[in-house]
Every structure is written in structure tokens, then in C-alpha cells.
file entry-v9.cif (mmCIF, C-alpha atoms)
data_coords
loop_
_atom_site.label_atom_id
_atom_site.label_comp_id
_atom_site.auth_asym_id
_atom_site.auth_seq_id
_atom_site.Cartn_x
_atom_site.Cartn_y
_atom_site.Cartn_z
CA MET A 1 -10.45 -6.46 34.74
CA TRP A 2 -13.90 -6.80 36.25
CA PRO A 3 -14.17 -9.45 38.96
CA HIS A 4 -16.79 -11.54 37.13
CA ASP A 5 -15.56 -11.83 33.52
CA HIS A 6 -16.13 -15.32 32.11
CA LEU A 7 -15.78 -15.22 28.34
CA PRO A 8 -12.43 -15.23 26.48
CA ALA A 9 -11.13 -11.79 25.59
CA GLY A 10 -11.16 -12.61 21.87
CA ILE A 11 -14.95 -13.04 21.85
CA THR A 12 -15.74 -9.83 23.73
CA ILE A 13 -13.16 -7.83 21.75
CA SER A 14 -14.69 -9.04 18.49
CA ALA A 15 -18.15 -7.92 19.61
CA THR A 16 -16.74 -4.57 20.77
CA VAL A 17 -14.91 -3.95 17.49
CA PHE A 18 -18.07 -4.82 15.53
CA ILE A 19 -20.09 -2.31 17.55
CA VAL A 20 -17.48 0.44 17.21
CA VAL A 21 -16.95 -0.06 13.45
CA ILE A 22 -20.67 0.10 12.62
CA THR A 23 -21.06 3.13 14.87
CA LEU A 24 -18.12 4.97 13.29
CA ILE A 25 -19.50 4.31 9.80
CA ARG A 26 -22.88 5.66 10.83
CA LEU A 27 -21.41 8.74 12.51
CA ALA A 28 -18.99 9.54 9.67
CA LEU A 29 -21.09 8.80 6.60
CA THR A 30 -24.74 9.17 7.59
CA LEU A 31 -24.77 12.95 7.48
CA HIS A 32 -28.09 13.62 5.76
CA THR A 33 -30.63 12.12 8.12
CA SER A 34 -33.71 13.04 10.12
CA VAL A 35 -33.85 14.18 13.74
CA PHE A 36 -34.77 10.62 14.63
CA GLY A 37 -31.75 9.36 12.70
CA ARG A 38 -29.43 11.77 14.51
CA MET A 39 -30.86 10.54 17.81
CA ILE A 40 -30.06 6.98 16.74
CA ASN A 41 -26.49 8.02 15.92
CA THR A 42 -26.15 9.66 19.34
CA LEU A 43 -27.44 6.53 21.05
CA LEU A 44 -24.96 4.40 19.10
CA GLY A 45 -22.12 6.77 19.98
CA PHE A 46 -22.75 6.54 23.72
CA ASP A 47 -23.17 2.77 23.64
CA ALA A 48 -20.02 2.27 21.53
CA ALA A 49 -18.04 4.33 24.05
CA ALA A 50 -19.55 2.24 26.86
CA ALA A 51 -18.58 -0.97 25.04
CA LEU A 52 -14.97 0.23 24.78
CA LEU A 53 -14.77 1.08 28.49
CA ARG A 54 -16.35 -2.27 29.37
CA GLU A 55 -13.54 -4.16 27.65
CA PRO A 56 -10.68 -4.70 30.15
CA ILE A 57 -7.90 -4.21 27.58
CA PHE A 58 -9.13 -0.70 26.74
CA ALA A 59 -10.33 0.16 30.25
CA ARG A 60 -6.95 -0.47 31.85
CA GLN A 61 -5.30 1.97 29.47
CA VAL A 62 -7.95 4.63 30.07
CA ALA A 63 -7.76 4.13 33.84
CA LYS A 64 -4.16 5.44 33.84
CA PHE A 65 -5.46 8.89 32.91
CA VAL A 66 -8.74 8.96 34.87
CA PRO A 67 -8.85 10.17 38.50
CA GLY A 68 -9.95 7.28 40.70
CA GLY A 69 -8.64 4.58 38.38
CA LEU A 70 -10.68 1.53 37.46
CA PRO A 71 -13.71 2.23 39.72
CA SER A 72 -14.19 5.57 37.93
CA VAL A 73 -13.96 3.81 34.55
CA PHE A 74 -16.52 1.30 35.81
CA ASP A 75 -18.86 4.17 36.72
CA THR A 76 -18.27 5.95 33.42
CA TRP A 77 -19.07 2.79 31.48
CA HIS A 78 -22.41 2.45 33.24
CA TRP A 79 -23.21 6.15 32.98
CA LEU A 80 -22.63 6.08 29.21
CA THR A 81 -25.04 3.15 28.95
CA VAL A 82 -27.63 5.05 31.01
CA THR A 83 -27.22 8.11 28.78
CA ALA A 84 -27.71 5.93 25.69
CA TRP A 85 -30.99 4.78 27.19
CA ALA A 86 -31.86 8.41 27.84
CA CYS A 87 -31.48 8.96 24.07
CA GLY A 88 -33.78 5.99 23.52
CA LEU A 89 -36.37 7.69 25.71
CA GLY A 90 -35.76 10.90 23.76
CA MET A 91 -36.64 9.05 20.55
CA ALA A 92 -39.97 8.05 22.08
CA LEU A 93 -40.62 11.61 23.25
CA LEU A 94 -39.76 12.91 19.79
CA HIS A 95 -42.39 10.77 18.11
CA GLU A 96 -44.95 11.38 20.82
CA ASN A 97 -44.63 15.18 21.11
CA GLY A 98 -42.99 16.37 17.90
CA PRO A 99 -39.60 17.96 17.13
CA VAL A 100 -40.30 21.12 19.19
CA ARG A 101 -42.17 20.05 22.30
CA TYR A 102 -39.91 17.10 23.02
CA ARG A 103 -36.86 19.31 23.63
CA SER A 104 -37.79 20.49 27.11
CA GLN A 105 -38.73 16.97 28.19
CA PHE A 106 -35.56 15.53 26.73
CA LYS A 107 -33.46 18.05 28.65
CA ILE A 108 -35.06 16.77 31.86
CA VAL A 109 -34.23 13.19 30.89
CA ILE A 110 -30.59 14.13 30.20
CA GLY A 111 -30.47 15.91 33.57
CA ILE A 112 -31.70 12.75 35.28
CA SER A 113 -29.02 10.68 33.55
CA ALA A 114 -26.37 13.19 34.71
CA ALA A 115 -27.70 12.90 38.28
CA ILE A 116 -27.46 9.12 38.06
CA GLY A 117 -23.84 9.46 36.94
CA LEU A 118 -23.06 11.55 40.04
CA ALA A 119 -24.84 8.95 42.19
CA PHE A 120 -22.60 6.26 40.69
CA LEU A 121 -19.52 8.20 41.76
CA PHE A 122 -20.91 8.66 45.29
CA LEU A 123 -21.87 5.00 45.70
CA SER A 124 -18.49 3.73 44.44
CA ALA A 125 -16.44 6.04 46.66
CA PRO A 126 -15.62 3.30 49.25
CA ALA A 127 -14.42 0.96 46.49
CA ARG A 128 -12.15 3.70 45.16
CA ASN A 129 -10.79 4.47 48.62
CA GLN A 130 -9.97 0.81 49.25
CA GLY A 131 -8.28 0.34 45.86
CA MET A 132 -10.85 -2.16 44.54
CA THR A 133 -11.51 -2.61 40.85
CA SER A 134 -15.20 -1.65 41.06
CA ILE A 135 -18.19 -1.32 43.33
CA ALA A 136 -19.21 -4.81 42.21
CA GLU A 137 -16.26 -6.12 44.19
CA TYR A 138 -17.26 -3.98 47.17
CA GLY A 139 -20.87 -5.25 47.11
CA GLY A 140 -23.37 -4.52 49.88
CA TRP A 141 -26.38 -2.21 49.83
CA ARG A 142 -24.46 0.35 47.81
CA TYR A 143 -24.14 -2.09 44.93
CA GLY A 144 -27.84 -2.94 45.20
CA ILE A 145 -28.79 0.74 44.80
CA TYR A 146 -26.20 1.06 42.04
CA ILE A 147 -27.83 -1.75 40.04
CA GLY A 148 -31.27 -0.27 40.68
CA LEU A 149 -30.24 3.12 39.27
CA TYR A 150 -28.43 1.47 36.37
CA SER A 151 -31.53 -0.52 35.44
CA ALA A 152 -34.12 2.21 36.01
CA LEU A 153 -33.99 3.84 32.57
CA PRO A 154 -34.13 0.58 30.59
CA VAL A 155 -37.26 -0.37 32.53
CA ILE A 156 -38.79 3.09 32.02
CA VAL A 157 -37.95 3.19 28.31
CA SER A 158 -39.25 -0.31 27.57
CA GLY A 159 -42.43 0.43 29.53
CA TYR A 160 -42.94 3.74 27.74
CA TYR A 161 -42.43 2.17 24.34
CA TYR A 162 -44.92 -0.55 25.25
CA ILE A 163 -47.48 2.10 26.19
CA LEU A 164 -46.90 3.90 22.91
CA LYS A 165 -47.25 0.62 21.05
CA VAL A 166 -50.60 -0.05 22.69
CA ARG A 167 -51.71 3.47 21.79
CA GLY A 168 -50.57 2.91 18.20
CA THR A 169 -48.12 5.82 18.07
CA VAL A 170 -44.81 3.99 18.34
CA TRP A 171 -45.00 2.75 14.76
CA ARG A 172 -45.38 6.21 13.22
CA THR A 173 -41.82 6.09 11.97
CA THR A 174 -40.62 7.45 8.65
CA THR A 175 -38.51 4.48 7.49
CA LEU A 176 -38.43 0.72 7.94
CA TRP A 177 -35.13 0.87 9.82
CA GLU A 178 -36.55 3.37 12.32
CA ARG A 179 -39.39 0.93 12.95
CA ILE A 180 -36.94 -1.92 13.43
CA THR A 181 -34.95 0.29 15.81
CA VAL A 182 -38.02 0.89 17.95
CA ALA A 183 -38.79 -2.83 18.07
CA ALA A 184 -35.17 -3.64 18.96
CA LEU A 185 -35.19 -1.08 21.76
CA VAL A 186 -38.36 -2.62 23.20
CA CYS A 187 -36.77 -6.08 23.11
CA PHE A 188 -33.53 -4.71 24.57
CA GLY A 189 -35.47 -3.02 27.37
CA VAL A 190 -37.39 -6.18 28.20
CA ALA A 191 -34.15 -8.17 28.21
CA SER A 192 -32.67 -5.64 30.66
CA SER A 193 -35.80 -5.54 32.84
CA LEU A 194 -36.08 -9.28 33.47
CA PRO A 195 -32.78 -9.62 35.39
CA VAL A 196 -33.70 -6.64 37.55
CA CYS A 197 -37.04 -8.20 38.39
CA MET A 198 -35.31 -11.49 39.24
CA MET A 199 -32.90 -9.69 41.57
CA ALA A 200 -35.73 -7.78 43.21
CA VAL A 201 -37.67 -11.00 43.81
CA SER A 202 -34.59 -12.70 45.26
CA VAL A 203 -33.89 -9.80 47.62
CA ALA A 204 -37.54 -9.65 48.72
CA LEU A 205 -37.64 -13.38 49.47
CA ASP A 206 -34.43 -13.17 51.47
CA ALA A 207 -35.79 -10.18 53.40
CA VAL A 208 -38.89 -12.11 54.56
CA GLY A 209 -36.90 -15.24 55.33
CA ALA A 210 -38.19 -17.25 52.38
CA GLY A 211 -34.94 -17.27 50.48
CA ASN A 212 -33.10 -20.43 49.55
CA ALA A 213 -30.10 -21.56 47.55
CA PHE A 214 -31.96 -21.03 44.29
CA THR A 215 -32.81 -17.39 45.01
CA ARG A 216 -29.29 -16.68 46.20
CA ASN A 217 -27.76 -18.30 43.12
CA THR A 218 -30.14 -16.30 40.93
CA TYR A 219 -29.10 -13.09 42.63
CA ASN A 220 -25.40 -13.90 42.29
CA LEU A 221 -25.79 -14.90 38.63
CA VAL A 222 -27.59 -11.67 37.70
CA ALA A 223 -25.19 -9.55 39.77
CA ASP A 224 -22.24 -11.21 38.04
CA GLY A 225 -23.79 -10.43 34.67
CA PHE A 226 -24.21 -6.77 35.58
CA ALA A 227 -20.67 -6.61 36.92
CA SER A 228 -19.06 -8.11 33.82
CA GLY A 229 -21.36 -6.41 31.32
CA GLU A 230 -20.98 -9.39 28.98
CA PRO A 231 -24.71 -10.12 28.50
CA GLY A 232 -25.42 -6.46 27.79
CA LEU A 233 -22.53 -6.33 25.33
CA PHE A 234 -23.96 -9.08 23.16
CA VAL A 235 -27.51 -7.80 23.42
CA PHE A 236 -26.26 -4.45 22.18
CA ALA A 237 -24.25 -6.14 19.42
CA ALA A 238 -27.52 -7.73 18.29
CA LEU A 239 -29.14 -4.28 18.30
CA VAL A 240 -26.29 -2.84 16.23
CA THR A 241 -26.84 -5.58 13.65
CA VAL A 242 -30.00 -3.70 12.68
CA TYR A 243 -27.80 -0.88 11.34
CA VAL A 244 -25.47 -3.04 9.24
CA PRO A 245 -27.54 -2.52 6.03
CA SER A 246 -27.61 1.26 6.48
CA ALA A 247 -23.86 1.28 7.22
CA VAL A 248 -23.16 -0.79 4.08
CA GLN A 249 -25.35 1.58 2.07
CA ALA A 250 -23.41 4.55 3.42
CA VAL A 251 -20.10 2.93 2.41
CA VAL A 252 -21.46 2.13 -1.06
CA GLN A 253 -22.55 5.74 -1.50
CA GLN A 254 -19.19 7.01 -0.28
CA LEU A 255 -17.41 4.81 -2.84
CA ARG A 256 -19.83 6.07 -5.53
CA LEU A 257 -21.10 2.55 -6.24
CA ASP A 258 -24.78 3.25 -5.65
CA ARG A 259 -27.34 3.47 -8.45
CA GLU A 260 -27.41 7.28 -8.56
CA SER A 261 -23.62 7.55 -8.68
CA ARG A 262 -23.42 4.99 -11.49
CA ALA A 263 -26.03 6.93 -13.44
CA ALA A 264 -24.06 10.15 -12.91
CA ARG A 265 -20.89 8.48 -14.22
CA ARG A 266 -22.71 7.33 -17.36
CA MET A 267 -23.73 10.92 -17.95
CA TYR A 268 -20.23 12.33 -17.45
CA PRO A 269 -18.99 12.30 -21.10
CA LEU A 270 -22.17 14.06 -22.25
CA TRP A 271 -22.00 16.49 -19.30
CA ARG A 272 -18.31 17.23 -19.94
CA ASP A 273 -18.77 18.04 -23.62
CA LEU A 274 -21.83 20.23 -23.13
CA THR A 275 -20.63 22.12 -20.05
CA SER A 276 -17.27 22.79 -21.71
CA ALA A 277 -19.25 24.67 -24.35
CA ALA A 278 -21.50 26.40 -21.80
CA PRO A 279 -19.52 26.54 -18.53
CA GLN A 280 -21.83 29.18 -17.07
CA VAL A 281 -24.45 26.53 -16.24
CA VAL A 282 -22.14 24.79 -13.73
CA PHE A 283 -22.54 25.98 -10.16
CA GLN A 284 -19.25 25.50 -8.36
CA LEU A 285 -19.63 24.39 -4.74
CA LYS A 286 -17.04 24.63 -2.02
CA ARG A 287 -15.04 21.46 -1.48
CA ALA A 288 -16.72 20.71 1.87
CA ASP A 289 -20.20 21.31 0.45
CA ASN A 290 -19.51 19.18 -2.60
CA TRP A 291 -18.21 16.36 -0.38
CA ASN A 292 -21.44 16.34 1.63
CA VAL A 293 -23.78 16.39 -1.38
CA SER A 294 -25.98 13.31 -1.50
CA PRO A 295 -25.84 11.04 -4.59
CA GLN A 296 -29.44 11.92 -5.41
CA GLU A 297 -28.68 15.63 -5.37
CA ARG A 298 -25.49 15.14 -7.41
CA LEU A 299 -27.42 13.21 -10.09
CA HIS A 300 -30.17 15.84 -10.18
CA ARG A 301 -27.64 18.66 -10.61
CA ARG A 302 -25.88 16.82 -13.42
CA ARG A 303 -29.17 16.31 -15.25
CA MET A 304 -30.13 19.95 -14.86
CA GLU A 305 -26.72 21.14 -16.07
CA ILE A 306 -26.92 18.88 -19.12
CA HIS A 307 -30.37 20.23 -19.93
CA ASP A 308 -29.37 23.88 -19.47
CA ALA A 309 -26.12 23.52 -21.44
CA ALA A 310 -27.91 21.73 -24.30
CA GLU A 311 -30.49 24.53 -24.51
CA ILE A 312 -27.70 27.12 -24.77
CA VAL A 313 -25.66 25.15 -27.31
CA ALA A 314 -28.78 24.53 -29.43
CA ARG A 315 -28.96 28.26 -30.21
CA TYR A 316 -25.68 27.98 -32.16
CA VAL A 317 -26.55 24.91 -34.23
CA LEU A 318 -25.61 25.01 -37.94
CA PRO A 319 -26.56 22.65 -40.79
CA LEU A 320 -24.52 19.47 -40.94
CA PRO A 321 -21.58 19.24 -43.38
CA ASN A 322 -22.26 17.16 -46.45
CA ALA A 323 -19.80 14.42 -45.51
CA ILE A 324 -21.43 13.78 -42.15
CA ASP A 325 -24.94 13.96 -43.58
CA ASP A 326 -24.05 11.49 -46.31
CA LEU A 327 -22.42 9.13 -43.82
CA ILE A 328 -25.52 9.18 -41.63
CA GLU A 329 -27.67 8.53 -44.69
CA ALA A 330 -25.51 5.61 -45.76
CA THR A 331 -24.81 3.87 -42.44
CA VAL A 332 -27.64 4.55 -39.99
CA ASP A 333 -31.09 3.00 -39.86
CA GLU A 334 -33.83 5.27 -41.11
CA ASP A 335 -35.59 5.18 -37.70
CA ASP A 336 -32.54 6.73 -36.04
CA GLN A 337 -31.29 9.08 -38.73
CA GLU A 338 -33.18 12.22 -37.72
CA GLU A 339 -32.36 11.82 -34.04
CA LEU A 340 -28.70 11.23 -34.84
CA ARG A 341 -28.64 14.31 -37.09
CA MET A 342 -29.96 16.45 -34.23
CA VAL A 343 -27.38 15.00 -31.85
CA ALA A 344 -24.62 15.53 -34.44
CA GLU A 345 -25.65 19.18 -34.96
CA LEU A 346 -25.61 19.69 -31.19
CA PHE A 347 -22.21 18.03 -30.82
CA LEU A 348 -20.64 20.14 -33.57
CA ALA A 349 -22.08 23.31 -32.08
CA ALA A 350 -20.68 22.33 -28.66
CA LYS A 351 -17.29 21.66 -30.24
CA ARG A 352 -17.24 25.06 -31.92
CA LEU A 353 -18.15 26.80 -28.68
CA THR A 354 -15.54 24.81 -26.74
CA ASP A 355 -12.82 25.64 -29.26
CA ALA A 356 -13.78 29.32 -28.94
CA GLY A 357 -13.53 29.15 -25.15
CA GLY A 358 -17.28 29.38 -24.71
CA GLU A 359 -17.42 32.64 -26.70
CA PRO A 360 -19.30 32.06 -30.00
CA ALA A 361 -18.17 33.87 -33.14
CA GLY A 362 -21.70 34.76 -34.26
CA GLU A 363 -24.97 35.77 -32.72
CA PRO A 364 -27.25 33.03 -31.40
CA ALA A 365 -30.37 32.17 -33.27
CA ALA A 366 -33.57 33.75 -32.05
CA ARG A 367 -34.97 30.27 -31.50
CA GLY A 368 -32.67 27.39 -30.77
CA ALA A 369 -32.82 24.04 -32.53
CA ASP A 370 -34.81 21.21 -31.03
CA VAL A 371 -32.91 19.42 -28.28
CA PRO A 372 -33.30 15.63 -28.06
CA ASP A 373 -34.44 14.22 -24.74
CA GLU A 374 -31.95 13.01 -22.15
CA GLN A 375 -32.20 9.32 -23.01
CA THR A 376 -31.62 10.02 -26.71
CA LEU A 377 -28.58 12.15 -25.93
CA LEU A 378 -27.12 9.47 -23.66
CA ARG A 379 -27.77 6.73 -26.22
CA LEU A 380 -26.43 8.51 -29.28
CA TRP A 381 -23.77 10.92 -27.99
CA GLN A 382 -20.79 8.56 -28.09
CA PRO A 383 -21.81 6.90 -31.42
CA THR A 384 -22.26 10.37 -32.90
CA LYS A 385 -18.77 11.42 -31.83
CA ALA A 386 -17.30 8.29 -33.42
CA LEU A 387 -19.28 8.83 -36.62
CA ILE A 388 -18.13 12.46 -36.90
CA HIS A 389 -14.56 11.32 -36.29
CA THR A 390 -14.94 8.81 -39.14
CA ALA A 391 -16.36 11.47 -41.47
CA GLY A 392 -13.55 13.84 -40.57
CA HIS A 393 -10.95 11.30 -41.68
CA GLY A 394 -12.68 10.77 -45.02
CA SER A 395 -13.16 7.05 -44.47
CA ASP A 396 -15.83 5.14 -46.37
CA ARG A 397 -15.60 2.16 -44.07
CA ARG A 398 -18.05 1.44 -41.28
CA THR A 399 -16.36 1.61 -37.87
CA PRO A 400 -17.66 -0.02 -34.66
CA ILE A 401 -19.26 3.17 -33.35
CA SER A 402 -22.81 2.19 -32.60
CA ALA A 403 -25.08 -0.43 -31.17
CA ARG A 404 -26.58 -3.34 -33.07
CA ARG A 405 -29.67 -1.37 -34.03
CA PHE A 406 -27.53 0.80 -36.34
CA THR A 407 -26.20 -2.14 -38.38
CA SER A 408 -29.31 -3.47 -40.06
CA GLY A 409 -28.67 -1.39 -43.20
CA MET A 410 -25.13 -2.68 -43.70
CA VAL A 411 -23.64 -5.57 -45.65
CA LYS A 412 -20.09 -6.82 -45.51
CA SER A 413 -17.75 -7.13 -48.48
CA GLY A 414 -14.63 -9.06 -47.53
CA ALA A 415 -12.94 -7.41 -44.57
CA ILE A 416 -14.57 -4.03 -45.21
CA THR A 417 -18.06 -3.11 -44.20
CA VAL A 418 -19.72 -1.02 -46.87
CA PRO A 419 -23.18 0.53 -47.08
CA ALA A 420 -25.91 -1.71 -48.42
CA PRO A 421 -27.68 -0.44 -51.52
CA LYS A 422 -30.63 1.78 -50.68
CA PRO A 423 -33.62 2.46 -52.92
CA ALA A 424 -33.43 5.77 -54.75
CA ARG A 425 -35.24 8.58 -52.99
CA LYS A 426 -37.68 10.82 -54.77
CA SER A 427 -36.07 14.05 -55.81
CA ASN A 428 -37.55 17.43 -54.98
CA ASP A 429 -35.25 19.03 -57.54
CA PRO A 430 -36.26 17.51 -60.91
CA ALA A 431 -34.61 20.34 -62.82
CA GLY A 432 -31.28 19.74 -61.10
CA LEU A 433 -31.10 23.33 -59.80
CA ALA A 434 -29.67 22.48 -56.43
CA GLU A 435 -25.96 22.33 -55.93
CA PRO A 436 -24.53 18.83 -55.91
CA GLY A 437 -24.29 17.30 -52.43
CA ASN A 438 -26.52 19.87 -50.75
CA ARG A 439 -29.65 18.73 -48.91
CA LEU A 440 -32.89 20.35 -49.92
CA ALA A 441 -35.42 21.58 -47.42
CA VAL A 442 -38.65 19.67 -47.75
#
call {"tool": "encode", "arguments": {"input": "entry-v9.cif", "output": "C-alpha cells"}}
result
Amino acid sequence: MWPHDHLPAGITISATVFIVVITLIRLALTLHTSVFGRMINTLLGFDAAAALLREPIFARQVAKFVPGGLPSVFDTWHWLTVTAWACGLGMALLHENGPVRYRSQFKIVIGISAAIGLAFLFLSAPARNQGMTSIAEYGGWRYGIYIGLYSALPVIVSGYYYILKVRGTVWRTTTLWERITVAALVCFGVASSLPVCMMAVSVALDAVGAGNAFTRNTYNLVADGFASGEPGLFVFAALVTVYVPSAVQAVVQQLRLDRESRAARRMYPLWRDLTSAAPQVVFQLKRADNWNVSPQERLHRRRMEIHDAAEIVARYVLPLPNAIDDLIEATVDEDDQEELRMVAELFLAAKRLTDAGGEPAGEPAARGADVPDEQTLLRLWQPTKALIHTAGHGSDRRTPISARRFTSGMVKSGAITVPAPKPARKSNDPAGLAEPGNRLAV
């Protein structure tokens, strides 16, 4: 579309799609971010829109619905780029003056960018009237002023960031990626400033009669680059590359593949069993609020609900049935027996409460039983359920219900795993007064 395009459409479209995809991921999935992060997202949004309007395939379709046709699309493309740079200046003002004081200054910067947009429309009016594709095709002093206004904010922003860097304030960012963003903006600004300086030097030399073929070729080369927007497109694509890791992280979190989400999934069976017995500990969020909860917050809530439910269930713990206690004694290492008994008591209490719909038949104990820590519950919950299931079916065989650490007290006899002989324990009931099978309190 533009009169000075040189690269194949496939290359520029690929760069444009890359920019738009990363931007859309950031805008859609990076919801919980700082003011600085939201400013970055705004900058990316304006630049992605500018990249779309720069691409001839998209611009021609948009021009059918825009008053003034292609010259107006040309102006809009450049105004969006200027506004993106205004957001870059707003980021510098934010770090220099704080989240409150920067607002009034940023409004002035946005007002200036709006004024530049109006100036673009005024300067390109002759090109529109003559049916040209853009003011770049019209040329003349109007195009010179146009390029000057288009390049003003990049020069100002890069200069301001350099001043802040010298003063040591530009690096007071909260994350590594914010720091990289600042550095990329400085490099982007310098890259945009050099062509402007080259054009200014060429024009000045021609004005005093010292121009030659080299200065004229330099001017034409830089002007062609501004007209096509191709150099700026790839410089911005390089800037967007900085945000690929954060975009990938956002996708991973959305798919629940991050570390916190995996930890929450490992906790789900334990959480489900305990909260079914004590559903009052679960705080139900609205669908929209639950969708926007961060993985860290979701994991923290699950941990708190497990803790609260376990404390409630522990008040309804009863002594273990003889069959389960004997099975634990026969099949579990001594180091793990007491912990597994506590987990088994908690599981059975949770099952009784769940079967009763969360309404216990009796009164809770004045002081609940001891609750194992979170890691112990996660490690032993599933093996305890399998062991209780085995005891409930009256089986004497060892089933694959636990980790290797539970198997050291076992020996195999043929195809059946049976308990290994254990040394006789000292009896606290030498007179045989206790009922057979009952455990004595020691």
C-alpha cells in the first residue's frame, strides 16, 4: 500500500502477527499487575494496533470504513505509535514522581499526543484531496514537518530515560522484566532518534548549499523507511520479544500448569474429603472472581481450607476400630504407625461427618484430637484410605497402598504378602483383665 514498501508481505505479516499475539496474551491474561505493568500493556496495545494499520493487507480493509481512505489510515498508524511513546514517557514519569503526582503530567503528555494526531490530519489534507495513498507520496515541507512531529516523542522519551539513568532513578523498577523494558525503550528511542538526526543534517547541508548525492540519498533512504514503517516494525518486534517469557508464564498459569496450580491439584483429594465433612470452611466466590484468582491465592485458600476443615473434623475423632489398628500394627513401619493412626482417625471422622451431611450425631469433644501437619496429611492420606478399605474387606493380604518406606516390615510368602513376625510387646495387662483385641491406654 505505502509507496516505499520493500520487503515481501509474508515477512512483515509474520512480524505483525507475532506482535499482536504477544500483546493479546498480555492484555487477556496479565490481569494482576502493577501500575507500571498496566502502562506496559497499554503501550503494547497501541503499538500492536499501529502494526496492524501499517500492514497493507489490513490497512486496505480498514480504509473502506474510514473517512479519507488510506491517508487517514496512514495518519492513524503514526498517531497510535506516537501515543505508545507517550505511554513510554508516562512510565518514566511514574517512576520519577510516584503513582499520584505523575497523573497530571501524564494527562499533559496525552494531550500533546492528541494535538500531534490533529496536526497529522491537517498536514495530510492535500494528499487526501488529491487521492494519494499518503502524505509520504505528497512530500514537500508538509512531510518534513510530519516526520519531525512523528519523531519528537521518541527523541524526548529516550533523552528523558537517559537523564533518569544518569541520575540513577530509572533502574528503580520492581521486577527484572520492568528493568529490561526500560532498557529496551532507551534502545528503541535511540534507534528512532538517529534517522531523524541524519535527516536533519541532510536538510541543513542542502539548505546551505553543501549537500551532495550522499546527503540526498541519506535523506531519501530515511524518508522511505519512515514511509514504509518496516524498520520500526522490526524494532518493535524486537521490543515485544522481551515480553515473550511473561506471556508464556501467563499461558502456563491459565492452563494450570504452573507450580502453584500443580501443588493445588495434589492437595485436591485431601481437600475434597475434608471439606465434604466441613463444607462451612469453603468460601464460594462468584464465577468471575474465581476465574481471576491468581494461582498463588488459589493455593493459599486451599491450604487454609484444609487446615480449618481438619481442625473441625478433629473434634469428632473416635478411637480406631480393632481391625484397622491391628492392620496398622502388622503392616506399617513403627516410625510411621502413630502418624498413620492419627490420619486414619481423622479420615474416619471425616467420613462419618460426610455420610451425615456435615451434621454430626454427637457433640464435639471439648478439645479436638491432634491434627498432623500438612505434609504428613498429604503423604499419608491416600495410603490411609487404601489401608482402611483393605481392613473393611477383612483381607489379611498386603495391598499396594503405600510407598516403599512402609514395606520394610513385610516378607513375601509365595504370591501373598504377609506380615513379618514382630517381637512380642510388653503387656500392660499381666492379669489379662482387658478385653481381647482392645488397645490399652499407656
call {"tool": "resolve_selection", "arguments": {"input": "entry-v9.cif", "expression": "the PyMOL selection byres ((chain A and resi 105-116) around 7)", "output": "list of chain:residue names"}}
result
A:Val82, A:Thr83, A:Ala86, A:Gly90, A:Tyr102, A:Arg103, A:Ser104, A:Gly117, A:Leu118, A:Ala119, A:Phe120, A:Leu149
call {"tool": "residues_around", "arguments": {"input": "entry-v9.cif", "residues": "range 254-256 of chain A", "least_positions_apart": "3", "cutoff": "12 Å", "atoms": "only C-alpha atoms", "output": "list in words"}}
result
Ile25, Arg26, Ala28, Leu29, Thr30, Leu31, Ala247, Val248, Gln249, Ala250, Val251, Arg259, Glu260, Ser261, Arg262, Ala263, Ala264, Arg265, Trp291, Asn292, Val293, Ser294, Pro295, Gln296, Arg298 and Leu299 of chain A
call {"tool": "write_last_selection", "arguments": {"input": "entry-v9.cif", "atoms": "C-alpha atoms", "output": "compact mmCIF listing (two decimals), in the coordinates of the input"}}
result
# COMPACT_ATOMS: atom_id res chain seq x y z
CA ILE A 25 -19.50 4.31 9.80
CA ARG A 26 -22.88 5.66 10.83
CA ALA A 28 -18.99 9.54 9.67
CA LEU A 29 -21.09 8.80 6.60
CA THR A 30 -24.74 9.17 7.59
CA LEU A 31 -24.77 12.95 7.48
CA ALA A 247 -23.86 1.28 7.22
CA VAL A 248 -23.16 -0.79 4.08
CA GLN A 249 -25.35 1.58 2.07
CA ALA A 250 -23.41 4.55 3.42
CA VAL A 251 -20.10 2.93 2.41
CA ARG A 259 -27.34 3.47 -8.45
CA GLU A 260 -27.41 7.28 -8.56
CA SER A 261 -23.62 7.55 -8.68
CA ARG A 262 -23.42 4.99 -11.49
CA ALA A 263 -26.03 6.93 -13.44
CA ALA A 264 -24.06 10.15 -12.91
CA ARG A 265 -20.89 8.48 -14.22
CA TRP A 291 -18.21 16.36 -0.38
CA ASN A 292 -21.44 16.34 1.63
CA VAL A 293 -23.78 16.39 -1.38
CA SER A 294 -25.98 13.31 -1.50
CA PRO A 295 -25.84 11.04 -4.59
CA GLN A 296 -29.44 11.92 -5.41
CA ARG A 298 -25.49 15.14 -7.41
CA LEU A 299 -27.42 13.21 -10.09
call {"tool": "closest_residue", "arguments": {"input": "entry-v9.cif", "among": "A:Ala349, A:Met132, A:Ala238, A:Val317", "to": "Ala15 in chain A", "atoms": "only C-alpha atoms"}}
result
A:Ala238
call {"tool": "residues_around", "arguments": {"input": "entry-v9.cif", "residues": "Asp47 in chain A", "least_positions_apart": "3", "cutoff": "10 Å", "atoms": "all atoms listed in the file", "output": "NGL selection string"}}
result
:A and (19-20 or 23 or 41-44 or 50-53 or 77-85 or 233 or 236-237 or 240)
call {"tool": "closest_residue", "arguments": {"input": "entry-v9.cif", "among": "A:Ala278, A:Leu320, A:Ala152, A:Ala213", "to": "Asp355 in chain A", "atoms": "only C-alpha atoms"}}
result
A:Ala278
call {"tool": "closest_residue", "arguments": {"input": "entry-v9.cif", "among": "A:Asp308, A:Asp370, A:Pro383, A:Thr390", "to": "Ala323 in chain A", "atoms": "only C-alpha atoms"}}
result
A:Thr390
call {"tool": "atom_distance", "arguments": {"input": "entry-v9.cif", "atom1": "CA of Val235 in chain A", "atom2": "CA of Thr12 in chain A"}}
result
11.9 Å
call {"tool": "atom_distance", "arguments": {"input": "entry-v9.cif", "atom1": "CA of Trp271 in chain A", "atom2": "CA of His300 in chain A"}}
result
12.3 Å
call {"tool": "resolve_selection", "arguments": {"input": "entry-v9.cif", "expression": "the PyMOL selection byres ((chain A and resi 342) around 12)", "output": "number ranges by chain"}}
result
A: 310, 313-314, 317-320, 324-325, 328, 336-341, 343-349, 368-373, 376-377, 380-381, 384
